[in-house]
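Participant: Sharing query36.cif, mmCIF, C-alpha atoms and all ligand atoms:
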```cif
data_entry
#
loop_
_atom_site.label_atom_id
_atom_site.label_comp_id
_atom_site.auth_asym_id
_atom_site.auth_seq_id
_atom_site.Cartn_x
_atom_site.Cartn_y
_atom_site.Cartn_z
CA MET A 1134 0.58 -15.91 3.71
CA ASN A 1135 3.12 -15.32 6.45
CA LEU A 1136 5.12 -12.16 6.89
CA TYR A 1137 8.03 -11.64 9.24
CA SER A 1138 7.12 -8.96 11.76
CA THR A 1139 9.75 -7.08 13.73
CA LEU A 1140 7.33 -6.55 16.61
CA GLN A 1141 6.57 -10.25 17.15
CA ARG A 1142 10.08 -11.37 16.16
CA GLY A 1143 8.63 -14.02 13.91
CA LEU A 1144 6.26 -14.89 11.12
CA VAL A 1145 2.71 -13.64 11.42
CA GLU A 1146 0.00 -15.16 9.28
CA LEU A 1147 -2.26 -12.86 7.33
CA PRO A 1148 -5.91 -13.79 7.73
CA PRO A 1149 -7.65 -14.98 4.56
CA PRO A 1150 -8.97 -12.32 2.16
CA GLU A 1151 -12.57 -12.76 3.28
CA ASP A 1152 -11.65 -11.75 6.83
CA GLY A 1153 -11.17 -8.12 5.89
CA PRO A 1154 -8.95 -5.59 4.21
CA VAL A 1155 -5.17 -5.40 4.37
CA ARG A 1156 -4.25 -1.81 5.09
CA MET A 1157 -0.59 -0.97 4.65
CA TYR A 1158 1.35 2.14 5.58
CA PHE A 1159 4.90 2.37 4.26
CA CYS A 1160 7.06 5.29 5.33
CA GLY A 1161 8.05 7.49 2.45
CA PRO A 1162 10.91 9.86 1.74
CA THR A 1163 11.97 13.17 3.16
CA VAL A 1164 12.01 15.24 0.01
CA TYR A 1165 15.01 17.53 -0.51
CA GLN A 1166 16.91 15.87 -3.35
CA ARG A 1167 16.44 13.24 -6.00
CA ALA A 1168 15.83 9.84 -4.39
CA HIS A 1169 18.61 7.30 -4.70
CA ILE A 1170 17.97 3.70 -5.63
CA GLY A 1171 18.01 2.60 -2.00
CA ASN A 1172 15.07 4.89 -1.28
CA ALA A 1173 13.12 2.97 -3.89
CA ARG A 1174 13.33 -0.38 -2.11
CA PRO A 1175 10.49 0.16 0.38
CA PHE A 1176 8.39 1.65 -2.42
CA VAL A 1177 9.00 -1.37 -4.67
CA LEU A 1178 8.36 -3.87 -1.89
CA GLY A 1179 5.22 -2.05 -0.83
CA MET A 1180 3.88 -1.99 -4.37
CA TRP A 1181 4.77 -5.63 -5.02
CA LEU A 1182 3.10 -6.67 -1.80
CA ARG A 1183 -0.03 -4.62 -2.45
CA ASN A 1184 -0.30 -5.83 -6.03
CA TRP A 1185 0.30 -9.44 -5.06
CA LEU A 1186 -2.29 -9.25 -2.29
CA ARG A 1187 -4.86 -7.81 -4.68
CA HIS A 1188 -4.03 -10.47 -7.19
CA SER A 1189 -4.63 -13.02 -4.44
CA GLY A 1190 -8.06 -11.65 -3.71
CA TYR A 1191 -7.30 -9.28 -0.86
CA ASP A 1192 -8.76 -5.83 -0.48
CA ALA A 1193 -5.31 -4.24 -0.11
CA THR A 1194 -4.52 -0.55 0.24
CA LEU A 1195 -1.14 1.15 0.41
CA VAL A 1196 -0.49 4.56 1.92
CA HIS A 1197 2.99 6.02 1.40
CA ASN A 1198 3.68 9.36 3.02
CA ILE A 1199 5.82 12.28 1.94
CA THR A 1200 7.75 14.16 4.63
CA ASP A 1201 7.93 17.64 3.16
CA VAL A 1202 8.88 19.64 6.26
CA ASN A 1203 12.10 18.70 7.98
CA ASP A 1204 15.51 20.01 9.15
CA LYS A 1205 17.18 18.52 6.08
CA ILE A 1206 14.90 20.51 3.80
CA TYR A 1207 15.57 23.75 5.69
CA GLU A 1208 19.30 23.14 5.41
CA ALA A 1209 19.18 22.24 1.73
CA ALA A 1210 17.20 25.32 0.67
CA PRO A 1211 17.44 28.21 3.15
CA GLY A 1212 14.57 30.57 2.55
CA ALA A 1213 13.02 28.34 -0.10
CA SER A 1214 12.38 25.04 1.66
CA ALA A 1215 8.76 24.75 0.54
CA GLU A 1216 9.75 25.22 -3.11
CA LEU A 1217 12.46 22.57 -2.86
CA ALA A 1218 10.12 20.16 -1.08
CA ALA A 1219 7.48 20.62 -3.78
CA ARG A 1220 10.01 20.07 -6.56
CA ALA A 1221 11.59 17.05 -4.86
CA THR A 1222 8.14 15.57 -4.29
CA GLU A 1223 7.49 15.77 -8.02
CA TRP A 1224 10.85 14.12 -8.70
CA TYR A 1225 10.02 11.28 -6.35
CA LEU A 1226 6.59 10.72 -7.85
CA GLU A 1227 7.97 10.88 -11.38
CA ASP A 1228 10.82 8.47 -10.66
CA THR A 1229 8.74 5.93 -8.76
CA ARG A 1230 5.99 6.10 -11.35
CA ASP A 1231 8.58 5.16 -13.97
CA LEU A 1232 9.22 1.91 -12.11
CA GLY A 1233 5.99 0.81 -13.73
CA LEU A 1234 4.39 -0.80 -10.70
CA GLY A 1235 1.48 1.57 -10.34
CA MET A 1236 1.28 4.02 -7.48
CA PRO A 1237 0.17 3.84 -3.83
CA ASP A 1238 -3.47 4.53 -3.12
CA GLN A 1239 -2.68 7.59 -1.04
CA LEU A 1240 0.42 9.77 -0.83
CA PRO A 1241 -0.30 12.14 2.05
CA LYS A 1242 2.07 15.03 2.69
CA ALA A 1243 2.98 16.18 6.17
CA THR A 1244 2.32 19.81 5.27
CA GLU A 1245 -1.22 18.93 4.24
CA SER A 1246 -1.87 17.00 7.46
CA ILE A 1247 -1.11 19.67 10.06
CA PRO A 1248 -4.61 19.95 11.63
CA GLY A 1249 -4.71 16.21 12.27
CA ILE A 1250 -1.18 16.24 13.66
CA VAL A 1251 -1.98 19.12 16.03
CA HIS A 1252 -5.11 17.34 17.18
CA PHE A 1253 -3.14 14.15 17.84
CA ILE A 1254 -0.62 16.09 19.96
CA GLU A 1255 -3.42 17.82 21.87
CA GLU A 1256 -4.83 14.42 22.79
CA LEU A 1257 -1.44 13.22 24.02
CA VAL A 1258 -1.01 16.35 26.14
CA ALA A 1259 -4.52 15.99 27.56
CA ALA A 1260 -3.83 12.35 28.46
CA GLY A 1261 -0.61 13.28 30.25
CA HIS A 1262 1.66 11.52 27.77
CA ALA A 1263 3.14 14.76 26.45
CA TYR A 1264 4.00 18.20 27.76
CA ALA A 1265 4.60 21.66 26.33
CA ALA A 1266 7.83 23.47 27.09
CA GLY A 1267 9.06 26.73 25.54
CA GLY A 1268 6.93 26.35 22.43
CA ASP A 1269 7.97 22.73 21.94
CA VAL A 1270 5.93 19.68 22.89
CA TYR A 1271 7.64 16.48 24.04
CA PHE A 1272 6.49 12.89 24.49
CA ARG A 1273 7.07 11.32 27.92
CA VAL A 1274 8.95 8.13 27.22
CA ALA A 1275 8.91 7.12 30.89
CA GLY A 1276 5.13 6.92 30.74
CA ASP A 1277 5.20 4.01 28.30
CA PRO A 1278 6.01 0.70 30.04
CA GLU A 1279 6.33 -1.03 26.67
CA TYR A 1280 8.72 1.49 25.17
CA GLY A 1281 11.54 -0.34 23.38
CA ARG A 1282 9.54 -3.46 22.60
CA LEU A 1283 9.60 -2.95 18.83
CA SER A 1284 13.27 -2.11 18.50
CA GLY A 1285 14.61 -4.16 21.41
CA GLN A 1286 16.06 -1.05 23.04
CA ARG A 1287 16.43 -0.95 26.79
CA PRO A 1288 14.13 1.88 27.86
CA ASP A 1289 16.69 3.22 30.31
CA GLN A 1290 19.35 3.48 27.64
CA VAL A 1291 17.60 4.98 24.64
CA GLU A 1292 19.03 7.97 22.82
CA GLN A 1293 16.71 9.76 20.43
CA GLY A 1294 19.43 11.35 18.35
CA GLU A 1295 17.89 14.77 18.88
CA GLU A 1296 19.70 17.92 19.90
CA PRO A 1297 20.05 18.04 23.69
CA SER A 1298 17.45 20.34 25.17
CA ALA A 1299 17.10 21.73 28.67
CA LEU A 1300 13.39 21.91 28.02
CA LYS A 1301 13.03 18.13 28.23
CA GLU A 1302 11.96 16.56 31.50
CA ASP A 1303 13.92 13.48 30.52
CA PRO A 1304 16.67 13.25 27.88
CA ARG A 1305 14.87 10.22 26.41
CA ASP A 1306 11.79 12.28 25.56
CA PHE A 1307 11.30 13.20 21.92
CA ALA A 1308 9.76 16.18 20.15
CA LEU A 1309 6.19 16.12 18.87
CA TRP A 1310 6.08 19.81 18.01
CA LYS A 1311 9.03 22.13 17.43
CA ALA A 1312 8.87 25.89 17.96
CA ASN A 1313 9.85 27.92 14.93
CA LYS A 1314 13.52 28.88 14.86
CA PRO A 1315 15.37 31.56 12.91
CA GLY A 1316 16.04 30.37 9.39
CA GLU A 1317 13.05 28.01 9.28
CA ASP A 1318 10.86 29.50 6.61
CA THR A 1319 7.77 27.33 7.04
CA TRP A 1320 5.59 27.20 10.14
CA TRP A 1321 2.03 26.75 11.34
CA GLU A 1322 0.13 28.26 14.22
CA SER A 1323 -0.70 25.90 17.06
CA PRO A 1324 -1.87 25.94 20.70
CA TRP A 1325 1.84 26.06 21.64
CA GLY A 1326 2.80 28.84 19.28
CA ARG A 1327 4.22 29.01 15.81
CA GLY A 1328 6.09 25.88 14.80
CA ARG A 1329 6.05 22.61 12.88
CA PRO A 1330 5.55 18.94 13.65
CA GLY A 1331 8.22 16.47 14.64
CA TRP A 1332 8.93 13.64 12.25
CA HIS A 1333 7.50 10.73 14.24
CA ILE A 1334 4.10 12.26 14.97
CA GLU A 1335 3.53 12.86 11.26
CA CYS A 1336 3.32 9.17 10.53
CA SER A 1337 1.10 8.29 13.49
CA ALA A 1338 -1.32 11.03 12.45
CA MET A 1339 -1.24 10.30 8.71
CA ALA A 1340 -1.56 6.53 9.15
CA GLU A 1341 -4.51 6.91 11.49
CA ALA A 1342 -6.11 9.54 9.27
CA ALA A 1343 -6.07 6.98 6.47
CA PHE A 1344 -6.95 3.83 8.37
CA GLY A 1345 -8.15 4.62 11.87
CA PRO A 1346 -6.49 3.41 15.09
CA VAL A 1347 -5.56 -0.05 13.84
CA PHE A 1348 -4.31 -1.42 10.56
CA GLU A 1349 -2.55 -4.51 9.33
CA ILE A 1350 0.96 -3.75 8.03
CA HIS A 1351 3.49 -1.01 8.62
CA GLY A 1352 6.58 -1.00 6.43
CA GLY A 1353 9.82 0.83 5.96
CA GLY A 1354 13.56 0.45 5.91
CA LEU A 1355 15.44 -1.26 8.69
CA ASP A 1356 16.95 2.09 9.63
CA LEU A 1357 13.53 3.31 10.71
CA VAL A 1358 12.95 0.76 13.47
CA PHE A 1359 14.48 3.11 16.00
CA PRO A 1360 13.68 5.78 16.82
CA HIS A 1361 11.07 6.50 14.15
CA HIS A 1362 8.85 3.44 14.35
CA GLU A 1363 9.37 2.89 18.07
CA ASN A 1364 8.11 6.43 18.61
CA GLU A 1365 5.20 6.10 16.20
CA LEU A 1366 4.06 3.04 18.10
CA ALA A 1367 4.51 4.73 21.47
CA GLN A 1368 2.45 7.75 20.41
CA SER A 1369 -0.46 5.71 19.14
CA ARG A 1370 -0.35 3.20 21.95
CA ALA A 1371 -0.44 6.09 24.45
CA LEU A 1372 -3.92 6.92 23.14
CA GLY A 1373 -5.00 3.31 23.48
CA HIS A 1374 -4.68 2.57 19.77
CA GLU A 1375 -3.34 -0.76 18.63
CA PHE A 1376 -1.78 0.83 15.53
CA ALA A 1377 -0.01 -1.58 13.15
CA ARG A 1378 -0.25 -5.31 13.77
CA ILE A 1379 2.63 -6.39 11.52
CA TRP A 1380 5.84 -4.41 11.18
CA THR A 1381 7.93 -5.18 8.10
CA HIS A 1382 11.42 -3.75 7.70
CA ASN A 1383 13.38 -4.17 4.51
CA GLY A 1384 17.16 -4.56 4.40
CA MET A 1385 19.23 -1.62 3.33
CA LEU A 1386 21.04 -1.02 0.08
CA GLU A 1387 24.80 -1.23 0.47
CA PHE A 1388 27.41 0.28 -1.76
CA GLY A 1389 30.37 -1.81 -0.63
CA GLY A 1390 32.28 1.27 0.42
CA GLU A 1391 32.35 2.57 -3.13
CA LYS A 1392 32.21 6.27 -3.72
CA MET A 1393 29.20 7.23 -5.75
CA SER A 1394 29.07 10.34 -7.83
CA LYS A 1395 27.94 11.53 -11.20
CA SER A 1396 31.52 12.30 -12.21
CA LEU A 1397 32.49 8.67 -11.63
CA GLY A 1398 29.61 7.54 -13.74
CA ASN A 1399 27.98 5.64 -10.94
CA ASP A 1400 25.37 8.11 -9.85
CA VAL A 1401 22.93 6.12 -7.79
CA SER A 1402 19.94 8.41 -8.09
CA LEU A 1403 16.87 6.41 -9.02
CA ARG A 1404 16.48 8.65 -12.05
CA ASN A 1405 19.95 7.87 -13.34
CA VAL A 1406 19.65 4.16 -12.63
CA LEU A 1407 16.33 4.02 -14.45
CA ASP A 1408 17.70 5.97 -17.40
CA THR A 1409 20.83 3.83 -17.55
CA TRP A 1410 19.34 0.35 -17.23
CA GLY A 1411 15.63 0.66 -17.47
CA ARG A 1412 13.04 -0.30 -14.95
CA GLU A 1413 13.06 -4.01 -15.71
CA VAL A 1414 16.67 -4.33 -14.68
CA VAL A 1415 16.11 -2.22 -11.60
CA LEU A 1416 13.28 -4.51 -10.55
CA LEU A 1417 15.41 -7.58 -11.26
CA PHE A 1418 18.09 -6.10 -9.09
CA PHE A 1419 15.70 -5.81 -6.17
CA MET A 1420 14.78 -9.45 -6.67
CA THR A 1421 18.36 -10.61 -6.26
CA GLY A 1422 18.12 -10.36 -2.49
CA HIS A 1423 15.63 -11.42 0.14
CA TRP A 1424 13.58 -8.41 1.08
CA ARG A 1425 14.77 -8.37 4.69
CA LYS A 1426 18.45 -8.72 3.80
CA PRO A 1427 20.89 -6.06 2.70
CA ILE A 1428 21.49 -5.89 -1.01
CA ASP A 1429 24.71 -4.75 -2.66
CA PHE A 1430 24.85 -2.16 -5.35
CA THR A 1431 28.54 -2.64 -5.96
CA SER A 1432 30.36 -2.58 -9.28
CA ARG A 1433 30.00 -6.38 -9.39
CA ALA A 1434 26.27 -6.08 -9.00
CA ARG A 1435 26.15 -3.42 -11.67
CA THR A 1436 28.12 -5.64 -14.04
CA ALA A 1437 25.55 -8.37 -13.46
CA LEU A 1438 22.84 -5.85 -14.18
CA ARG A 1439 24.44 -4.93 -17.46
CA THR A 1440 24.55 -8.62 -18.38
CA ALA A 1441 20.93 -8.97 -17.44
CA SER A 1442 20.13 -5.87 -19.39
CA ARG A 1443 21.71 -7.33 -22.51
CA SER A 1444 19.86 -10.60 -21.96
CA LEU A 1445 16.63 -8.69 -21.68
CA ALA A 1446 17.42 -6.75 -24.80
CA SER A 1447 18.18 -9.90 -26.78
CA GLY A 1448 15.17 -11.62 -25.26
CA SER A 1449 13.02 -8.77 -26.38
CA ASP A 1450 13.23 -9.93 -29.97
CA SER A 1451 11.38 -13.22 -30.28
CA SER A 1452 13.11 -14.08 -33.52
CA THR A 1453 16.58 -13.88 -31.99
CA ARG A 1454 15.86 -15.14 -28.55
CA SER A 1455 18.80 -16.94 -27.04
CA THR A 1456 18.52 -20.39 -25.57
CA THR A 1457 21.64 -20.14 -23.45
CA THR A 1458 21.16 -17.05 -21.38
CA SER A 1459 21.97 -16.93 -17.73
CA THR A 1460 19.89 -18.87 -15.27
CA ARG A 1461 20.74 -16.42 -12.53
CA TRP A 1462 17.21 -15.16 -12.52
CA ARG A 1463 14.92 -18.03 -13.26
CA PRO A 1464 11.22 -17.58 -13.61
CA CYS A 1465 8.94 -18.97 -10.99
CA ARG A 1466 7.12 -22.01 -12.20
CA SER A 1467 3.62 -20.99 -11.44
CA SER A 1468 0.55 -22.48 -12.93
CA THR A 1469 -1.55 -20.16 -14.97
CA THR A 1470 -5.13 -20.06 -15.96
CA GLY A 1471 -6.44 -18.13 -18.84
CA GLY A 1472 -3.27 -16.18 -19.22
CA ARG A 1473 -3.20 -15.08 -15.62
CA ALA A 1474 -1.62 -16.64 -12.63
CA ALA A 1475 -4.19 -18.58 -10.71
CA THR A 1476 -5.52 -16.70 -7.76
CA GLY A 1477 -4.04 -17.98 -4.58
CA THR A 1478 -1.50 -20.12 -6.37
CA SER A 1479 1.86 -19.56 -4.83
CA SER A 1480 4.76 -19.99 -7.10
CA THR A 1481 7.34 -22.64 -6.68
CA ARG A 1482 10.27 -20.88 -5.17
CA GLY A 1483 13.17 -20.54 -7.51
CA SER A 1484 16.17 -18.31 -7.27
CA SER A 1485 14.07 -15.31 -8.04
CA CYS A 1486 11.60 -15.94 -5.25
CA SER A 1487 11.60 -14.39 -1.86
CA ALA A 1488 9.44 -14.64 1.17
CA SER A 1489 7.36 -11.84 -0.19
CA GLY A 1490 6.50 -13.82 -3.28
CA CYS A 1491 7.68 -14.38 -6.79
CA LEU A 1492 7.97 -12.08 -9.68
CA ARG A 1493 6.88 -14.17 -12.61
CA PHE A 1494 9.38 -12.99 -15.05
CA PRO A 1495 9.64 -14.44 -18.53
CA ALA A 1496 12.97 -16.18 -18.74
CA PRO A 1497 15.07 -15.10 -21.70
CA THR A 1498 15.02 -18.47 -23.38
CA SER A 1499 13.23 -19.68 -26.43
CA THR A 1500 11.37 -22.25 -24.40
CA SER A 1501 10.51 -20.11 -21.47
CA ARG A 1502 6.99 -19.86 -20.35
CA GLY A 1503 6.46 -16.35 -19.20
CA CYS A 1504 3.81 -15.01 -16.97
CA GLY A 1505 0.41 -15.57 -18.36
CA GLU A 1506 1.63 -17.49 -21.35
CA THR A 1507 -0.49 -20.46 -22.18
CA ALA A 1508 0.53 -23.48 -24.21
CA LYS A 1509 -1.58 -22.16 -27.03
CA THR A 1510 0.03 -18.74 -26.85
CA ARG A 1511 3.46 -20.26 -26.81
CA ALA A 1512 2.72 -22.39 -29.83
CA LEU A 1513 1.36 -19.41 -31.67
CA ARG A 1514 4.34 -17.32 -30.72
CA ARG A 1515 6.69 -19.91 -32.15
CA THR A 1516 4.84 -19.86 -35.39
CA GLY A 1517 4.57 -16.13 -35.40
CA GLY A 1518 0.86 -16.16 -34.80
CA ALA A 1519 0.75 -14.80 -31.30
CA PRO A 1520 1.12 -11.12 -30.56
CA THR A 1521 4.31 -11.62 -28.64
CA SER A 1522 5.72 -8.58 -30.28
CA CYS A 1523 3.75 -5.40 -30.15
CA ALA A 1524 2.35 -4.35 -33.41
CA ALA A 1525 2.82 -0.69 -33.99
CA GLY A 1526 -0.05 1.11 -32.48
CA SER A 1527 -1.15 -1.72 -30.28
CA GLY A 1528 -0.97 0.54 -27.35
CA SER A 1529 -3.95 -0.34 -25.29
CA SER A 1530 -4.48 -3.38 -23.21
CA ALA A 1531 -8.00 -3.64 -24.45
CA SER A 1532 -6.91 -3.95 -28.04
CA THR A 1533 -4.19 -6.46 -27.38
CA SER A 1534 -6.10 -8.58 -24.96
CA SER A 1535 -9.49 -8.61 -26.52
CA THR A 1536 -8.31 -9.15 -30.04
CA SER A 1537 -5.44 -11.41 -29.23
CA PRO A 1538 -5.46 -14.57 -31.32
CA ALA A 1539 -4.09 -16.26 -28.26
CA GLY A 1540 -7.37 -15.44 -26.60
CA ARG A 1541 -8.14 -16.12 -22.98
CA GLY A 1542 -6.68 -12.90 -21.75
CA SER A 1543 -3.05 -13.14 -22.66
CA TYR A 1544 -1.53 -9.69 -22.45
CA PRO A 1545 1.92 -9.99 -23.92
CA CYS A 1546 2.02 -6.43 -25.17
CA ASP A 1547 -0.13 -4.77 -22.63
CA PRO A 1548 1.62 -1.53 -21.72
CA ARG A 1549 0.18 -2.02 -18.28
CA ALA A 1550 1.70 -5.43 -18.04
CA GLY A 1551 4.83 -4.23 -16.34
CA LEU A 1552 7.71 -6.56 -16.99
CA ARG A 1553 5.87 -8.27 -19.79
CA ALA A 1554 6.51 -5.17 -21.80
CA THR A 1555 10.08 -6.37 -22.10
CA THR A 1556 8.91 -9.12 -24.40
CA CYS A 1557 7.83 -6.61 -26.99
CA ALA A 1558 9.82 -6.52 -30.14
CA ARG A 1559 12.45 -3.93 -30.72
CA GLY A 1560 10.95 -0.76 -31.96
CA ALA A 1561 7.59 -1.53 -30.51
CA PRO A 1562 5.99 1.40 -28.77
CA ARG A 1563 6.79 1.63 -25.11
CA PRO A 1564 4.16 2.64 -22.63
CA PRO A 1565 3.89 6.39 -22.43
CA ARG A 1566 6.05 7.92 -19.75
CA GLY A 1567 4.04 8.28 -16.61
CA ALA A 1568 1.38 5.87 -17.72
CA ARG A 1569 -0.09 3.80 -14.95
CA ALA A 1570 1.61 0.52 -15.33
CA LEU A 1571 0.64 -2.62 -13.55
CA GLY A 1572 -2.87 -2.13 -12.40
CA ASP A 1573 -4.04 -4.97 -10.27
CA ARG A 1574 -3.99 -7.95 -12.53
CA ALA A 1575 -1.00 -7.78 -14.76
CA CYS A 1576 2.00 -9.96 -15.18
CA GLY A 1577 5.00 -9.23 -13.13
CA GLU A 1578 2.98 -8.74 -10.02
CA VAL A 1579 4.02 -10.27 -6.77
ZN ZN A 1601 7.22 7.24 8.98
#
```
Output the file's structure in the form of structure tokens.
Facilitator:
Amino acid sequence: MNLYSTLQRGLVELPPPEDGPVRMYFCGPTVYQRAHIGNARPFVLGMWLRNWLRHSGYDATLVHNITDVNDKIYEAAPGASAELAARATEWYLEDTRDLGLGMPDQLPKATESIPGIVHFIEELVAAGHAYAAGGDVYFRVAGDPEYGRLSGQRPDQVEQGEEPSALKEDPRDFALWKANKPGEDTWWESPWGRGRPGWHIECSAMAEAAFGPVFEIHGGGLDLVFPHHENELAQSRALGHEFARIWTHNGMLEFGGEKMSKSLGNDVSLRNVLDTWGREVVLLFFMTGHWRKPIDFTSRARTALRTASRSLASGSDSSTRSTTTSTRWRPCRSSTTGGRAATGTSSTRGSSCSASGCLRFPAPTSTSRGCGETAKTRALRRTGGAPTSCAAGSGSSASTSSTSPAGRGSYPCDPRAGLRATTCARGAPRPPRGARALGDRACGEV
């Protein structure tokens, strides 16, 4: 498998599964409001990649952090920032869980990682790569000869986007620790006084706490390349750590200049989008664009989503399945064995495939061969013998898979089967809200 890496400016091949684990750190949200659908893209890509790697035999782990101390949180909830951060964290976890892809292996919070962050800064100060000034601590950009390599910035021209400060030796330096200011209602004691960590150091410390000084893949939105990821890399490299080997940056969500608001009926919060269209359509939407490219969430795109949603709804009833639905999202033509995609078998790339893999989605046609569907299953489904529609009460994967007349591990109604759940008949029980969805073997994985 090859992944485009921003650092190398090209494709980097992942070693085979037997060569070791694939450890992935994807930057998470700053929590002060409900996440919008664009915030979900790195989460979805990270989960698809982790699930696909596991399916392909890799020992893959995903860490996705939560930034729960930040200027934006202070501004959004003066005097109650911690309460807002806690509530918004729950919103984020609830909304992403409802995408039905499973959850990352670890979701570390900045506020629960302070000792490790302080220790990291102490090491940088001791090594001469950082300095304390007026209760703040700053990183010396001039001390890193490779600064700018990730983002392509000229080191002599970088602007951190921070408030100007006379405490800095060099305007290009960036804050590792920030002294507590009036109005900031959360702080921690440190060797430099009462304060809180800067944003960039959080991720270096949390990633290394999870994986050690080197790991395989770092992900996040394209908007994080500079300064966030450039500074993460500089911090870790300053201590002699290799840090991430592959840097993946997803394209941003674009709204085509449209105004988005609840009053206009186009609220783009992930919660609203999920409630309006359902997770299957949201996931289809993310598949309409290559992961590194921008993707439009314009009214035209939403119209297409509605069409897809109707197709899914009609396709959900096997007895009324249409044979003429759109081919906009074709299924990948992957070979399957025993109801599961063959390990290591890459799908033939169709319009729904991207460089990150294929989502084997059952096409809404009467002759489609969905993920995991065998010839025998398909024949049984046509004759009504296969459990294509969920029988009432067939809630567990064990019951549907082990007793399936289709045998050989076909999981058409497995509530953990992610997108396959869309093939359940109308009225069939949906997976319980919050239930762990995909696991590491189910259909719909990439
Ligand atoms: Zn980060």
Participant: For Val1196 in chain A, which residue out of A:Trp1320, A:Phe1348, A:Tyr1280, A:Trp1325 is the nearest one, using all atoms listed in the file?
Facilitator: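 Answer, going by the shortest atom-to-atom distance: A:Phe1348.
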Participant: Distance limit 8 Å, reference ligand ZN 1601 (chain A), atoms considered: only C-alpha atoms and all ligand atoms. Which residues make the cut? Give them as a short mmCIF file (atom, residue, chain, number, x, y, z; two decimals) with C-alpha atoms, in the frame of the given file.
Facilitator:
```cif
data_model
loop_
_atom_site.label_atom_id
_atom_site.label_comp_id
_atom_site.auth_asym_id
_atom_site.auth_seq_id
_atom_site.Cartn_x
_atom_site.Cartn_y
_atom_site.Cartn_z
CA PHE A 1159 4.90 2.37 4.26
CA CYS A 1160 7.06 5.29 5.33
CA GLY A 1161 8.05 7.49 2.45
CA ASN A 1198 3.68 9.36 3.02
CA TRP A 1332 8.93 13.64 12.25
CA HIS A 1333 7.50 10.73 14.24
CA GLU A 1335 3.53 12.86 11.26
CA CYS A 1336 3.32 9.17 10.53
CA SER A 1337 1.10 8.29 13.49
CA GLY A 1353 9.82 0.83 5.96
CA LEU A 1357 13.53 3.31 10.71
CA HIS A 1361 11.07 6.50 14.15
CA HIS A 1362 8.85 3.44 14.35
CA GLU A 1365 5.20 6.10 16.20
#
```
Participant: The residues within 10 Å of (8.4, 14.5, 26.4), using only C-alpha atoms and the coordinates of the file, should be reported as a VMD selection string; which are they?
Facilitator: chain A and resid 1258 1261 to 1266 1269 to 1276 1300 to 1309
Participant: Now that the selection is made, can you save its residues with C-alpha atoms as a short mmCIF file (atom, residue, chain, number, x, y, z; two decimals), in the coordinates of the input?
Facilitator:
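Contents of the output file again14.cif:
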```cif
data_model
loop_
_atom_site.label_atom_id
_atom_site.label_comp_id
_atom_site.auth_asym_id
_atom_site.auth_seq_id
_atom_site.Cartn_x
_atom_site.Cartn_y
_atom_site.Cartn_z
CA VAL A 1258 -1.01 16.35 26.14
CA GLY A 1261 -0.61 13.28 30.25
CA HIS A 1262 1.66 11.52 27.77
CA ALA A 1263 3.14 14.76 26.45
CA TYR A 1264 4.00 18.20 27.76
CA ALA A 1265 4.60 21.66 26.33
CA ALA A 1266 7.83 23.47 27.09
CA ASP A 1269 7.97 22.73 21.94
CA VAL A 1270 5.93 19.68 22.89
CA TYR A 1271 7.64 16.48 24.04
CA PHE A 1272 6.49 12.89 24.49
CA ARG A 1273 7.07 11.32 27.92
CA VAL A 1274 8.95 8.13 27.22
CA ALA A 1275 8.91 7.12 30.89
CA GLY A 1276 5.13 6.92 30.74
CA LEU A 1300 13.39 21.91 28.02
CA LYS A 1301 13.03 18.13 28.23
CA GLU A 1302 11.96 16.56 31.50
CA ASP A 1303 13.92 13.48 30.52
CA PRO A 1304 16.67 13.25 27.88
CA ARG A 1305 14.87 10.22 26.41
CA ASP A 1306 11.79 12.28 25.56
CA PHE A 1307 11.30 13.20 21.92
CA ALA A 1308 9.76 16.18 20.15
CA LEU A 1309 6.19 16.12 18.87
#
```
Participant: So how far away is CA of Leu1283 in chain A from CA of Asn1135 in chain A, in Å?
Facilitator: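 Taking CA of Asn1135 in chain A as the start and CA of Leu1283 in chain A as the end point, the length is 18.7 Å.
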Participant: What is the CA of Pro1211 in chain A-CA of Ile1247 in chain A distance in Å, reported with one decimal?
Facilitator: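 Between CA of Pro1211 in chain A and CA of Ile1247 in chain A the gap works out to 21.6 Å.
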Participant: Out of A:Gly1153, A:Thr1319, A:Asp1429, A:Glu1256, which residue has the shortest atom-to-atom distance to Glu1216 in chain A when counting only C-alpha atoms?
Facilitator: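 Nearest to Glu1216 in chain A: A:Thr1319.
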Participant: Which of these residues is nearest to Asn1364 in chain A, using all atoms listed in the file: A:Asp1277, A:Val1414, A:Thr1409, A:Asp1400?
Facilitator: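 Once distances to Asn1364 in chain A are computed over all atoms listed in the file, the minimum belongs to A:Asp1277.
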Participant: Quick one: everything within 9 Å of Pro1150 in chain A, counting all atoms listed in the file, minus sequence neighbours fewer than 5 positions away in the same chain. Send it as number ranges by chain.
Facilitator: A: 1155, 1186, 1189-1192
Participant: So which one's closest to Arg1370 in chain A, A:Ala1312, A:Ala1213, A:Ala1260, A:Ala1168? Using only C-alpha atoms, please.
Facilitator: A:Ala1260
Participant: Which residue out of A:Asn1184, A:Ser1447, A:Asn1405, A:Gln1290 has the minimum interatomic distance to Gly1235 in chain A when all atoms listed in the file are used?
Facilitator: A:Asn1184
Participant: Neighbouring residues of range 1177-1180 of chain A were defined as those with any atom within 10 Å, considering all atoms listed in the file; residues of the same chain fewer than 6 positions away were excluded. Please report them as number ranges by chain.
Facilitator: A: 1157-1160, 1186, 1194-1197, 1229, 1232-1238, 1350-1353, 1381, 1383, 1415-1416, 1419-1420, 1424, 1489, 1571, 1578-1579
